[in-house]
$ cat my_file-v4.cif   # mmCIF, C-alpha atoms and all ligand atoms
data_start
loop_
_atom_site.label_atom_id
_atom_site.label_comp_id
_atom_site.auth_asym_id
_atom_site.auth_seq_id
_atom_site.Cartn_x
_atom_site.Cartn_y
_atom_site.Cartn_z
CA MET J 138 -37.88 -25.03 86.35
CA GLN J 139 -37.47 -21.98 84.07
CA ARG J 140 -40.26 -19.98 82.54
CA ILE J 141 -40.02 -17.21 79.90
CA GLN J 142 -42.58 -14.48 79.70
CA ALA J 143 -43.02 -11.22 77.76
CA VAL J 144 -43.78 -8.46 80.26
CA SER J 145 -45.30 -5.01 79.79
CA PHE J 146 -43.22 -1.95 80.71
CA PHE J 147 -45.69 -1.27 83.51
CA SER J 148 -45.13 -4.66 85.19
CA PHE J 149 -41.38 -4.28 84.56
CA LEU J 150 -41.44 -1.05 86.60
CA LEU J 151 -43.28 -2.77 89.45
CA GLU J 152 -40.76 -5.59 89.79
CA ASP J 153 -37.32 -5.55 91.42
CA PHE J 154 -34.46 -5.82 88.88
CA SER J 155 -31.83 -4.28 91.16
CA ARG J 156 -29.51 -7.30 90.75
CA PHE J 157 -29.20 -6.57 87.02
CA PRO J 158 -26.84 -3.89 85.62
CA ALA J 159 -28.45 -0.45 85.92
CA SER J 160 -28.58 0.01 82.12
CA ILE J 161 -31.61 -2.36 82.17
CA GLN J 162 -33.82 0.66 82.95
CA HIS J 163 -32.64 2.51 79.85
CA PHE J 164 -33.01 -0.48 77.52
CA ALA J 165 -36.40 -1.56 78.88
CA GLY J 166 -37.52 2.04 78.31
CA LYS J 167 -36.23 1.86 74.71
CA ALA J 168 -38.13 -1.41 74.17
CA PHE J 169 -41.30 0.29 75.40
CA GLU J 170 -40.81 3.54 73.42
CA THR J 171 -40.21 1.74 70.14
CA GLY J 172 -42.89 -0.96 70.54
CA GLY J 173 -40.30 -3.72 71.07
CA GLU J 174 -40.40 -6.45 73.70
CA ILE J 175 -39.11 -7.23 77.22
CA LEU J 176 -38.61 -10.95 77.92
CA VAL J 177 -37.95 -12.21 81.44
CA CYS J 178 -36.77 -15.69 82.40
CA ARG J 179 -37.74 -16.79 85.93
CA GLN J 180 -36.61 -19.62 88.12
CA GLU J 181 -38.81 -20.27 91.13
CA GLU J 182 -40.63 -17.04 90.29
CA GLN J 183 -37.39 -14.95 90.58
CA PRO J 184 -36.10 -13.15 87.46
CA VAL J 185 -32.72 -14.62 86.44
CA GLY J 186 -32.39 -13.39 82.84
CA VAL J 187 -33.68 -10.45 80.80
CA LEU J 188 -33.67 -9.71 77.08
CA CYS J 189 -34.83 -6.35 75.66
CA LEU J 190 -35.62 -5.85 71.99
CA GLU J 191 -35.94 -2.49 70.30
CA GLN J 192 -38.25 -2.28 67.29
CA ARG J 193 -36.37 -0.73 64.34
CA GLY J 194 -38.32 -0.47 61.11
CA GLY J 195 -39.14 -4.02 60.09
CA GLU J 196 -36.71 -5.73 62.48
CA ARG J 197 -36.15 -6.23 66.18
CA ASP J 198 -32.76 -5.51 67.63
CA VAL J 199 -31.48 -7.17 70.83
CA VAL J 200 -30.23 -4.26 72.93
CA TYR J 201 -29.87 -5.99 76.30
CA LEU J 202 -29.23 -9.62 77.24
CA TYR J 203 -28.11 -10.44 80.75
CA VAL J 204 -28.24 -13.54 82.95
CA LEU J 205 -27.51 -13.45 86.69
CA GLU J 206 -24.25 -15.19 87.54
CA GLU J 207 -25.76 -18.08 89.50
CA ALA J 208 -28.02 -18.98 86.57
CA ARG J 209 -25.39 -18.98 83.80
CA ARG J 210 -24.45 -21.92 81.58
CA ARG J 211 -27.89 -23.46 81.93
CA GLY J 212 -29.33 -22.33 78.65
CA VAL J 213 -31.17 -19.23 79.97
CA ALA J 214 -29.77 -16.80 77.37
CA GLN J 215 -30.32 -19.31 74.60
CA ALA J 216 -33.95 -19.85 75.67
CA LEU J 217 -34.57 -16.06 75.84
CA LEU J 218 -33.10 -15.49 72.40
CA ALA J 219 -35.02 -18.46 70.93
CA LYS J 220 -38.27 -16.98 72.28
CA ALA J 221 -37.40 -13.56 70.81
CA VAL J 222 -36.80 -15.19 67.40
CA GLU J 223 -40.06 -17.15 67.62
CA ASP J 224 -42.13 -14.06 68.55
CA ALA J 225 -40.52 -12.01 65.76
CA ARG J 226 -41.05 -14.80 63.24
CA ASN J 227 -44.76 -14.81 64.08
CA GLU J 228 -44.79 -11.17 62.95
CA GLY J 229 -42.70 -11.96 59.86
CA GLU J 230 -39.68 -10.05 61.20
CA PRO J 231 -36.02 -10.95 61.73
CA VAL J 232 -34.07 -10.41 64.95
CA THR J 233 -30.70 -8.66 64.84
CA MET J 234 -28.00 -8.65 67.48
CA ARG J 235 -24.93 -6.42 67.50
CA VAL J 236 -21.82 -7.90 69.03
CA ILE J 237 -18.92 -5.61 69.95
CA ALA J 238 -15.71 -7.56 69.36
CA GLU J 239 -14.01 -5.92 72.37
CA HIS J 240 -16.86 -6.81 74.79
CA PRO J 241 -15.66 -9.32 77.43
CA TYR J 242 -18.61 -11.61 76.61
CA ALA J 243 -18.34 -11.26 72.82
CA ALA J 244 -17.42 -14.93 72.35
CA CYS J 245 -20.53 -16.00 74.31
CA TYR J 246 -22.82 -13.73 72.29
CA ARG J 247 -21.30 -15.03 69.06
CA ALA J 248 -21.73 -18.64 70.18
CA LEU J 249 -25.36 -17.90 71.03
CA CYS J 250 -25.99 -16.37 67.61
CA ALA J 251 -24.38 -19.37 65.90
CA LYS J 252 -26.46 -21.83 67.95
CA LEU J 253 -29.67 -20.13 66.87
CA GLY J 254 -28.66 -19.96 63.22
CA PHE J 255 -28.00 -16.20 63.04
CA ALA J 256 -25.74 -15.12 60.16
CA PRO J 257 -23.21 -12.25 60.25
CA ALA J 258 -24.65 -9.38 58.19
CA VAL J 259 -22.76 -6.08 58.41
CA THR J 260 -19.69 -4.93 60.24
CA ALA J 261 -19.00 -1.44 61.50
CA THR J 262 -16.37 0.53 63.41
CA ILE J 263 -17.40 2.51 66.46
CA PHE J 264 -15.27 5.59 67.06
CA HIS J 265 -15.24 7.49 70.34
CA ALA J 266 -14.09 11.07 70.73
CA ARG J 267 -13.55 12.97 73.96
CA PRO J 268 -13.71 16.64 72.97
CA CYS J 269 -13.18 17.80 76.61
CA ASP J 270 -9.69 16.35 76.68
CA PRO J 271 -7.29 19.37 76.45
CA GLU J 272 -4.82 17.37 74.31
CA LYS J 273 -7.52 16.54 71.74
CA LYS J 274 -8.68 20.14 71.73
CA ALA J 275 -5.13 21.36 71.08
CA ALA J 276 -4.67 18.75 68.34
CA TRP J 277 -7.87 19.92 66.64
CA GLU J 278 -6.79 23.57 66.80
CA ALA J 279 -3.40 22.61 65.30
CA PHE J 280 -5.14 20.63 62.53
CA LYS J 281 -7.39 23.61 61.75
CA ALA J 282 -4.38 25.88 61.47
CA ARG J 283 -2.48 23.37 59.32
CA ARG J 284 -5.03 21.92 56.89
CA GLY J 285 -8.46 22.78 58.17
CA ARG J 286 -8.41 26.43 57.23
CA ARG J 287 -7.43 25.61 53.67
CA ASN J 288 -10.29 23.11 53.36
CA TYR J 289 -12.73 25.42 55.03
CA GLU J 290 -11.83 28.30 52.72
CA TRP J 291 -13.13 26.16 49.90
CA VAL J 292 -16.58 27.03 51.26
CA LEU J 293 -15.98 30.74 51.32
CA ARG J 294 -14.36 30.82 47.90
CA LYS J 295 -17.36 29.18 46.32
CA GLY J 296 -19.83 31.30 48.27
CA GLY J 297 -21.17 28.40 50.32
CA ALA J 298 -22.58 28.67 53.84
CA VAL J 299 -23.12 26.42 56.84
CA SER J 300 -26.09 26.69 59.20
CA ARG J 301 -28.04 24.62 61.68
CA PHE J 302 -30.86 22.69 60.01
CA SER J 303 -33.54 24.90 61.60
CA GLN J 304 -31.87 28.04 60.26
CA ALA J 305 -31.26 26.87 56.70
CA PRO J 306 -33.21 28.72 53.98
CA ALA J 307 -36.55 27.06 53.18
CA ALA J 308 -35.60 26.72 49.49
CA VAL J 309 -32.48 24.70 50.41
CA LEU J 310 -34.46 22.37 52.67
CA SER J 311 -37.28 21.78 50.20
CA GLY J 312 -34.80 21.18 47.36
CA MET J 313 -32.88 18.75 49.54
CA LYS J 314 -36.02 16.80 50.48
CA GLU J 315 -36.65 16.18 46.79
CA GLU J 316 -33.08 14.99 46.28
CA VAL J 317 -33.14 12.29 48.95
CA GLY J 318 -32.80 9.04 47.02
CA ARG J 319 -30.99 10.71 44.10
CA GLN J 320 -28.22 13.03 45.33
CA PHE J 321 -28.42 11.80 48.94
CA PRO J 322 -28.82 8.10 49.73
CA HIS J 323 -32.37 7.18 50.83
CA TYR J 324 -31.01 5.36 53.89
CA LEU J 325 -29.39 8.62 54.98
CA ASP J 326 -32.48 10.77 55.11
CA PRO J 327 -32.13 13.57 57.69
CA PHE J 328 -35.85 14.34 57.34
CA ALA J 329 -36.96 10.82 58.23
CA VAL J 330 -36.18 11.22 61.93
CA PRO J 331 -37.39 14.65 62.99
CA ASN J 332 -35.87 15.17 66.41
CA PRO J 333 -35.65 18.68 67.86
CA ARG J 334 -32.77 17.62 70.14
CA GLN J 335 -30.65 17.13 67.04
CA ASP J 336 -30.58 20.75 66.01
CA GLU J 337 -27.77 21.95 68.27
CA TYR J 338 -25.37 19.48 66.63
CA SER J 339 -26.86 19.14 63.14
CA PHE J 340 -25.41 21.24 60.34
CA LEU J 341 -26.17 21.72 56.70
CA PHE J 342 -23.73 23.03 54.13
CA TYR J 343 -25.23 24.65 51.02
CA GLU J 344 -24.38 26.80 48.06
CA GLY J 345 -27.19 28.97 46.66
CA ASP J 346 -30.29 26.75 46.90
CA ARG J 347 -28.29 23.51 46.66
CA ALA J 348 -27.61 21.40 49.75
CA LEU J 349 -24.08 19.96 49.49
CA SER J 350 -23.52 17.97 52.67
CA PHE J 351 -24.84 17.55 56.19
CA VAL J 352 -24.21 16.15 59.64
CA THR J 353 -26.97 15.13 62.06
CA ALA J 354 -26.46 14.19 65.68
CA SER J 355 -28.47 13.93 68.89
CA GLN J 356 -27.62 14.85 72.45
CA HIS J 357 -28.10 12.54 75.42
CA GLY J 358 -26.99 14.39 78.54
CA ASN J 359 -23.29 15.06 78.20
CA ARG J 360 -22.91 12.66 75.29
CA VAL J 361 -23.55 13.20 71.62
CA LEU J 362 -24.46 10.48 69.19
CA PHE J 363 -23.28 11.25 65.68
CA GLU J 364 -26.10 9.92 63.52
CA GLN J 365 -25.60 10.63 59.84
CA THR J 366 -23.38 12.41 57.41
CA ALA J 367 -23.61 12.54 53.65
CA CYS J 368 -22.33 14.53 50.74
CA ARG J 369 -24.31 14.98 47.54
CA LYS J 370 -23.32 12.51 44.83
CA ASP J 371 -22.04 15.05 42.32
CA CYS J 372 -19.82 16.68 44.97
CA ARG J 373 -17.93 13.62 46.17
CA ASN J 374 -14.17 13.89 46.63
CA THR J 375 -14.25 17.67 46.64
CA GLY J 376 -13.84 18.10 50.42
CA ALA J 377 -17.51 19.12 50.75
CA PHE J 378 -17.86 16.70 53.67
CA PHE J 379 -15.72 18.96 55.79
CA PRO J 380 -17.63 22.25 56.48
CA PRO J 381 -20.55 20.75 58.48
CA LEU J 382 -18.10 18.49 60.32
CA TYR J 383 -15.91 21.47 61.14
CA HIS J 384 -18.89 23.19 62.80
CA PHE J 385 -19.91 19.98 64.53
CA ILE J 386 -16.47 19.47 66.08
CA ASP J 387 -16.12 23.12 67.08
CA THR J 388 -19.55 22.96 68.77
CA VAL J 389 -18.91 19.78 70.75
CA ILE J 390 -15.58 21.25 71.91
CA GLN J 391 -17.14 24.56 72.85
CA ASN J 392 -20.05 22.89 74.70
CA GLN J 393 -17.63 20.66 76.68
CA ILE J 394 -19.30 17.47 75.47
CA HIS J 395 -17.84 14.52 77.30
CA LEU J 396 -18.16 11.80 74.68
CA VAL J 397 -19.08 11.61 71.00
CA THR J 398 -19.85 8.25 69.43
CA PHE J 399 -19.64 7.68 65.67
CA THR J 400 -20.67 4.35 64.13
CA VAL J 401 -19.35 3.93 60.60
CA TYR J 402 -20.34 0.95 58.45
CA ASP J 403 -17.20 -0.71 57.15
CA ALA J 404 -18.69 -0.86 53.65
CA ASN J 405 -18.89 2.94 53.61
CA LEU J 406 -15.36 3.66 52.46
CA ALA J 407 -15.95 7.36 51.87
CA VAL J 408 -16.99 7.98 55.48
CA HIS J 409 -14.10 5.86 56.75
CA LYS J 410 -11.71 7.96 54.74
CA MET J 411 -13.29 11.12 56.05
CA THR J 412 -13.17 9.87 59.66
CA ASP J 413 -9.49 9.09 59.36
CA GLY J 414 -8.75 12.37 57.61
CA TYR J 415 -10.77 14.85 59.66
CA LEU J 416 -11.66 13.25 62.94
CA LYS J 417 -8.47 11.52 63.89
CA GLU J 418 -7.30 14.48 65.96
CA ILE J 419 -10.15 14.11 68.44
CA LEU J 420 -10.69 10.32 68.40
CA SER J 421 -9.82 8.43 71.57
CA ASP J 422 -10.52 4.80 70.70
CA ARG J 423 -12.22 2.52 68.20
CA LYS J 424 -14.17 -0.71 68.54
CA HIS J 425 -15.54 -3.18 66.05
CA GLN J 426 -19.05 -4.45 65.75
CA CYS J 427 -20.75 -7.19 63.79
CA THR J 428 -24.52 -7.39 63.37
CA TYR J 429 -25.97 -10.90 63.26
CA ILE J 430 -29.39 -11.56 61.77
CA SER J 431 -31.79 -14.43 62.40
C1 LIG V 1 -23.46 -13.87 77.96
C2 LIG V 1 -24.58 -14.39 78.84
C3 LIG V 1 -25.86 -13.62 78.52
C4 LIG V 1 -24.79 -15.90 78.54
O1 LIG V 1 -25.88 -16.35 79.34
P1 LIG V 1 -26.06 -17.90 79.68
O2 LIG V 1 -27.48 -18.10 80.14
O3 LIG V 1 -25.01 -18.34 80.60
O4 LIG V 1 -25.86 -18.59 78.27
P2 LIG V 1 -26.34 -20.04 77.84
O5 LIG V 1 -26.26 -20.98 79.03
O6 LIG V 1 -27.67 -19.94 77.18
O7 LIG V 1 -25.21 -20.42 76.81
C5 LIG V 1 -25.43 -20.54 75.44
C6 LIG V 1 -24.10 -20.76 74.73
O8 LIG V 1 -23.31 -19.58 74.80
C7 LIG V 1 -21.91 -19.95 74.97
N1 LIG V 1 -21.43 -19.49 76.28
C8 LIG V 1 -22.16 -18.96 77.29
N2 LIG V 1 -21.37 -18.62 78.31
C9 LIG V 1 -20.11 -18.94 77.96
C10 LIG V 1 -18.84 -18.81 78.59
N3 LIG V 1 -18.72 -18.28 79.82
N4 LIG V 1 -17.75 -19.22 77.91
C11 LIG V 1 -17.85 -19.74 76.69
N5 LIG V 1 -19.04 -19.90 76.02
C12 LIG V 1 -20.14 -19.49 76.65
C13 LIG V 1 -21.86 -21.47 74.90
O9 LIG V 1 -21.71 -21.83 73.55
C14 LIG V 1 -23.24 -21.84 75.39
O10 LIG V 1 -23.67 -23.11 74.94
P3 LIG V 1 -23.23 -24.43 75.78
O11 LIG V 1 -23.50 -24.15 77.23
O12 LIG V 1 -24.10 -25.49 75.19
O13 LIG V 1 -21.77 -24.60 75.49
C15 LIG V 1 -24.21 -14.25 80.35
O14 LIG V 1 -22.96 -14.88 80.54
C16 LIG V 1 -24.13 -12.83 80.83
O15 LIG V 1 -25.15 -12.19 81.12
N6 LIG V 1 -22.93 -12.31 80.94
C17 LIG V 1 -22.69 -10.94 81.40
C18 LIG V 1 -22.84 -10.02 80.22
C19 LIG V 1 -22.45 -8.62 80.62
O16 LIG V 1 -21.69 -8.42 81.54
N7 LIG V 1 -22.95 -7.65 79.91
C20 LIG V 1 -22.58 -6.28 80.14
C21 LIG V 1 -23.54 -5.56 80.98
S1 LIG V 1 -25.11 -5.35 80.22
#

$ encode --input "my_file-v4.cif" --output "structure tokens"
Amino acid sequence: MQRIQAVSFFSFLLEDFSRFPASIQHFAGKAFETGGEILVCRQEEQPVGVLCLEQRGGERDVVYLYVLEEARRRGVAQALLAKAVEDARNEGEPVTMRVIAEHPYAACYRALCAKLGFAPAVTATIFHARPCDPEKKAAWEAFKARRGRRNYEWVLRKGGAVSRFSQAPAAVLSGMKEEVGRQFPHYLDPFAVPNPRQDEYSFLFYEGDRALSFVTASQHGNRVLFEQTACRKDCRNTGAFFPPLYHFIDTVIQNQIHLVTFTVYDANLAVHKMTDGYLKEILSDRKHQCTYIS
């Protein structure tokens, strides 16, 4: 007899989930922080399956779905996901689930999505870089000497400057805020997620009072998550993407960051082009992801 129940973070912490992969702690914490949901499936009172949902804007994203080996192929995951969809529907929200094509259980997650009527929505490529690797570091230095310097000099020639967000002149920041939605896409709004941890790896490139391009990223221990990059509309294809990236890469190398993760939506051709052009020297592997939506 299986029973599914939404549990509070407090009761999650009191129960023993040591048979589940350790990442459950992180994802249950995320569910709690964002106002998402933790669903537990029990058989004879013992937890056999867990699903964690993170609340993201008006949708709920499945960030963890795991069923203990002895309980698999009995519909536990399907029942958990169906309950997540039902709860979200009661709030008028969809559920999304990201499936990494290279994950060993990708086919199962896809089958689950199909069974519950999820549709594929967007695809993205996930790039990993290991800036500590001496070979990558040497490749980046060689790239800088070969092409990078020429691109970077574009900044100096035009009198532009790069600084951390916190150190950028107030006039640049206030002008940029007004241009979100016009020169910078509204979905790439660096001011929408104020996060002090981001500052070490977040750079703004400007000329006079005009912001030209930016990079924002956050640090999680020895890993850095590359969050956004954008170039103002009337500066596209000029190489203006490069200066904040240049500082970003130099900083992660200098700070001995172990891993940098970049997620680039496949529809965003400009960022793909930039990733291939400027980041390829430090990239170590790439994976593919599809987001399904209920
Ligand atoms: C993927 C997983 C959640 C599926 O859980 P489950 O309770 O066994 O899934 P269900 O019984 O609800 O299966 C639903 C559908 O998914 C598909 N599916 C599930 N397991 C499958 C498998 N091993 N092979 C092929 N299809 C599978 C089937 O279409 C199945 O429907 P069916 O049984 O009617 O054919 C579970 O196998 C799991 O937790 N795997 C480990 C995942 C992992 O290692 N994650 C990384 C660490 S977080």

$ closest_atom_pairs --input "my_file-v4.cif" --of "chain J" --to "ligand LIG 1 (chain V)" --cutoff "9 Å" --atoms "all atoms listed in the file" --output "tab-separated table"
residue	atom	partner	partner_atom	distance
J:Phe157	CA	V:LIG1	S1	8.0
J:Pro158	CA	V:LIG1	S1	5.9
J:Ala159	CA	V:LIG1	S1	8.2
J:Ser160	CA	V:LIG1	S1	6.7
J:Ile161	CA	V:LIG1	S1	7.4
J:Val185	CA	V:LIG1	O2	8.9
J:Gly186	CA	V:LIG1	O2	7.3
J:Val187	CA	V:LIG1	O15	8.7
J:Leu188	CA	V:LIG1	C3	8.9
J:Val200	CA	V:LIG1	S1	9.0
J:Tyr201	CA	V:LIG1	S1	6.2
J:Leu202	CA	V:LIG1	C3	5.4
J:Tyr203	CA	V:LIG1	O15	3.5
J:Val204	CA	V:LIG1	O15	3.8
J:Leu205	CA	V:LIG1	O15	6.2
J:Glu206	CA	V:LIG1	C16	7.1
J:Glu207	CA	V:LIG1	O3	8.9
J:Ala208	CA	V:LIG1	O2	6.5
J:Arg209	CA	V:LIG1	O3	3.3
J:Arg210	CA	V:LIG1	O5	3.3
J:Arg211	CA	V:LIG1	O5	4.1
J:Gly212	CA	V:LIG1	O6	3.3
J:Val213	CA	V:LIG1	O2	3.9
J:Ala214	CA	V:LIG1	O6	3.8
J:Gln215	CA	V:LIG1	O6	3.8
J:Ala216	CA	V:LIG1	O6	6.5
J:Leu217	CA	V:LIG1	O6	8.0
J:Leu218	CA	V:LIG1	O6	8.5
J:His240	CA	V:LIG1	C20	7.8
J:Pro241	CA	V:LIG1	O16	7.4
J:Tyr242	CA	V:LIG1	C1	5.5
J:Ala243	CA	V:LIG1	C1	7.7
J:Ala244	CA	V:LIG1	N5	6.4
J:Cys245	CA	V:LIG1	N1	4.1
J:Tyr246	CA	V:LIG1	C1	5.7
J:Arg247	CA	V:LIG1	O8	7.6
J:Ala248	CA	V:LIG1	O9	4.6
J:Leu249	CA	V:LIG1	O8	4.6
J:Cys250	CA	V:LIG1	O8	8.3
J:Ala251	CA	V:LIG1	O9	8.5
J:Lys252	CA	V:LIG1	C6	7.3

$ write_last_selection --input "my_file-v4.cif" --atoms "C-alpha atoms" --output "tab-separated table (two decimals), in the coordinates of the input"
chain	number	residue	atom	x	y	z
J	157	PHE	CA	-29.20	-6.57	87.02
J	158	PRO	CA	-26.84	-3.89	85.62
J	159	ALA	CA	-28.45	-0.45	85.92
J	160	SER	CA	-28.58	0.01	82.12
J	161	ILE	CA	-31.61	-2.36	82.17
J	185	VAL	CA	-32.72	-14.62	86.44
J	186	GLY	CA	-32.39	-13.39	82.84
J	187	VAL	CA	-33.68	-10.45	80.80
J	188	LEU	CA	-33.67	-9.71	77.08
J	200	VAL	CA	-30.23	-4.26	72.93
J	201	TYR	CA	-29.87	-5.99	76.30
J	202	LEU	CA	-29.23	-9.62	77.24
J	203	TYR	CA	-28.11	-10.44	80.75
J	204	VAL	CA	-28.24	-13.54	82.95
J	205	LEU	CA	-27.51	-13.45	86.69
J	206	GLU	CA	-24.25	-15.19	87.54
J	207	GLU	CA	-25.76	-18.08	89.50
J	208	ALA	CA	-28.02	-18.98	86.57
J	209	ARG	CA	-25.39	-18.98	83.80
J	210	ARG	CA	-24.45	-21.92	81.58
J	211	ARG	CA	-27.89	-23.46	81.93
J	212	GLY	CA	-29.33	-22.33	78.65
J	213	VAL	CA	-31.17	-19.23	79.97
J	214	ALA	CA	-29.77	-16.80	77.37
J	215	GLN	CA	-30.32	-19.31	74.60
J	216	ALA	CA	-33.95	-19.85	75.67
J	217	LEU	CA	-34.57	-16.06	75.84
J	218	LEU	CA	-33.10	-15.49	72.40
J	240	HIS	CA	-16.86	-6.81	74.79
J	241	PRO	CA	-15.66	-9.32	77.43
J	242	TYR	CA	-18.61	-11.61	76.61
J	243	ALA	CA	-18.34	-11.26	72.82
J	244	ALA	CA	-17.42	-14.93	72.35
J	245	CYS	CA	-20.53	-16.00	74.31
J	246	TYR	CA	-22.82	-13.73	72.29
J	247	ARG	CA	-21.30	-15.03	69.06
J	248	ALA	CA	-21.73	-18.64	70.18
J	249	LEU	CA	-25.36	-17.90	71.03
J	250	CYS	CA	-25.99	-16.37	67.61
J	251	ALA	CA	-24.38	-19.37	65.90
J	252	LYS	CA	-26.46	-21.83	67.95

$ atom_distance --input "my_file-v4.cif" --atom1 "CA of Val259 (chain J)" --atom2 "CA of Arg193 (chain J)"
15.8 Å

$ closest_residue --input "my_file-v4.cif" --among "J:Lys274, J:Met138, J:Phe169, J:Phe146" --to "Glu181 (chain J)" --atoms "all atoms listed in the file"
J:Met138

$ closest_residue --input "my_file-v4.cif" --among "J:Ala225, J:Val408, J:Tyr324, J:Leu362" --to "Ala266 (chain J)" --atoms "all atoms listed in the file"
J:Leu362

$ atom_distance --input "my_file-v4.cif" --atom1 "CA of Ala407 (chain J)" --atom2 "CA of Arg423 (chain J)"
17.4 Å

$ residues_near_point --input "my_file-v4.cif" --point "(-29.0, 16.5, 67.7)" --cutoff "12 Å" --atoms "all atoms listed in the file" --output "PyMOL selection string"
chain J and resi 301-303+327+330-340+352-358+360-365+385+388-389+397

$ closest_residue --input "my_file-v4.cif" --among "J:Leu293, J:Cys372, J:Leu341, J:Val177" --to "Pro306 (chain J)" --atoms "all atoms listed in the file"
J:Leu341
